[in-house]
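Asker: The structure's right below; bear with me while I get my questions together.
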Amino acid sequence: MNLVTALKFNPLTTLNFATFLQYQRFVMPISFLFYLQNGLNFSDFILCQSLYSATCLIGKFVTGCIGDIFSKKYIIITAYFLFMLRVILWINFSGFWIVLTGEILYGLFKALYRGNVDSYIYEYLKTCNKEEKMISKYGRLSFYNSLGSAISCFIGVILYKYYGFKTILILELITQIIAVSCLFLLPNIKIQTNEQHQPIRYINSILSTAKNIFKNNNINYFIYYSAVLTGLTGVFVWNFQPLLKIAAAPIIFYGIINFINQILRAAGGIYAENFTKKFKSNTLIIIEYVAVIFSFALLILGYHIKNYIFIITALFLICLAILLFVIFNVFTVSQLHSCVSDDNRAASASVNSFVEDFTTFISLLSFRFVYDHLGITNSLIIFTIIAATILLPIFYKRQSKIKNTQQK
């Protein structure tokens, strides 16, 4: 009873705890092995991830409107239930369509959760007249996201080694049940407005805003930059587990590599400002450009060499490259916000998020198509050539915009 009272007394502590439990996704570090057990292959793996990205993209068009109409508490609870449904399906059934349905449910969860959890925190703080604490409170929630993901990387691979996927999924379901139970303890917050919400008008507003943003030469290259880098990062990450499988790496390394990836991503936001201040604009462009091409080269070599020591070293280096991508992306998004007016700031952030998801979807779907026809090595070579061709002008334009902004 004392625990329940304490959780009720501090709703954001409850939300953080529920978030930590929700991110105990034990299947995540070995998801490719789960696909193989269900009779799927690498092509199916990439296809499902691309459709997951598409679901996130489509879902974001409606979640903002839904969040303004219904209670954000119950929208977040609904998102958790969607994830629980995925786990229940995977426990009881198998095959391509079951796995794909699970990924679509995960995409819907992400769309509902991302679009409303930050708003819930802000609205709760607003009722307490503590809006100035939004950055620290949302940062703490992000910390529990990363902590939960990092811990589950190790727990998942250990459970898989000794007990298999059935046990993993049952334990994952238990943590989800506890997590969603915590959410019911949250206060129901609804800030009243006089505005009438119309879904069609809301979607048309987003599309109109996107059109205006892409016509604005002062900010469009920030969005192009984030989109391209996010799409390429998706290609890198979803090759990690197939490479480890080909090299017959010990199962513990699935957890180690995912753990390193999560920790470095979390560190990226902390060091973004200091890192970018230490280098001149042209130096930053060279670092980014080389990091992308070098990562593709490591993937190609990994599929040829097939030695797990080399592959683990290569994946660690790619994780460092992704750390750089996160740093540059955080810095770019901050510059994007500094270049738009207060009235368009939220809309610009939404458009940036939409474009990132769309680019990830297109990148993975294209990679899957090329892979089916030309194989993995040729696919990576083609993507390397594309990246080498389009990245340099985008990097240069983005850096020019930052330089102009700083001079002003």
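Within each chain, counting starts at residue 1; across the structure tokens, chains are named A, B, ... in the order shown, with ligands numbered 1 upward in that order.
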So that I can check the surroundings of Tyr35 of chain A, please list as JSON, numbers by chain every protein, DNA and RNA residue that reaches within 9 Å of it, counting only C-alpha atoms and ignoring chain neighbours fewer than 6 positions away.
Answerer: {"A": [41, 42, 44, 45, 95, 96, 99]}
Asker: Between atom CA of Leu12 of chain A and atom CA of Leu323 of chain A, what distance in Å does the model show, to one decimal?
Answerer: 28.6 Å
Asker: Within segment 33-246 of chain A, find each residue whose DSSP state, derived from the backbone, is alpha helix (DSSP H), and express the selection as a VMD selection string.
Answerer: chain A and resid 33 to 37 42 to 69 72 to 92 96 to 127 134 to 163 165 to 183 199 to 215 220 to 237 240 to 246
Asker: Compile a residue-level contact table for segment 106-184 of chain A against segment 251-266 of chain A at a cut-off of 6 Å, reporting for every qualifying residue the shortest atom pair and its distance in Å to one decimal, with only C-alpha atoms counted, rows ordered by chain and ascending number, as a Markdown table.
Answerer:
| residue | atom | partner | partner_atom | distance |
| --- | --- | --- | --- | --- |
| A:Ala150 | CA | A:Phe259 | CA | 4.8 |
| A:Cys153 | CA | A:Gly255 | CA | 4.5 |
| A:Phe154 | CA | A:Gly255 | CA | 4.9 |
| A:Val157 | CA | A:Gly255 | CA | 5.9 |
Asker: Tell me which protein, DNA and RNA residues are within 9 Å of segment 167-181 of chain A, counting only C-alpha atoms, leaving out same-chain ones fewer than 2 positions away, and put them as a PyMOL selection string.
Answerer: chain A and resi 15+17-27+76-77+80-81+83-84+87-88+90-91+156+159-160+163-165+183-185
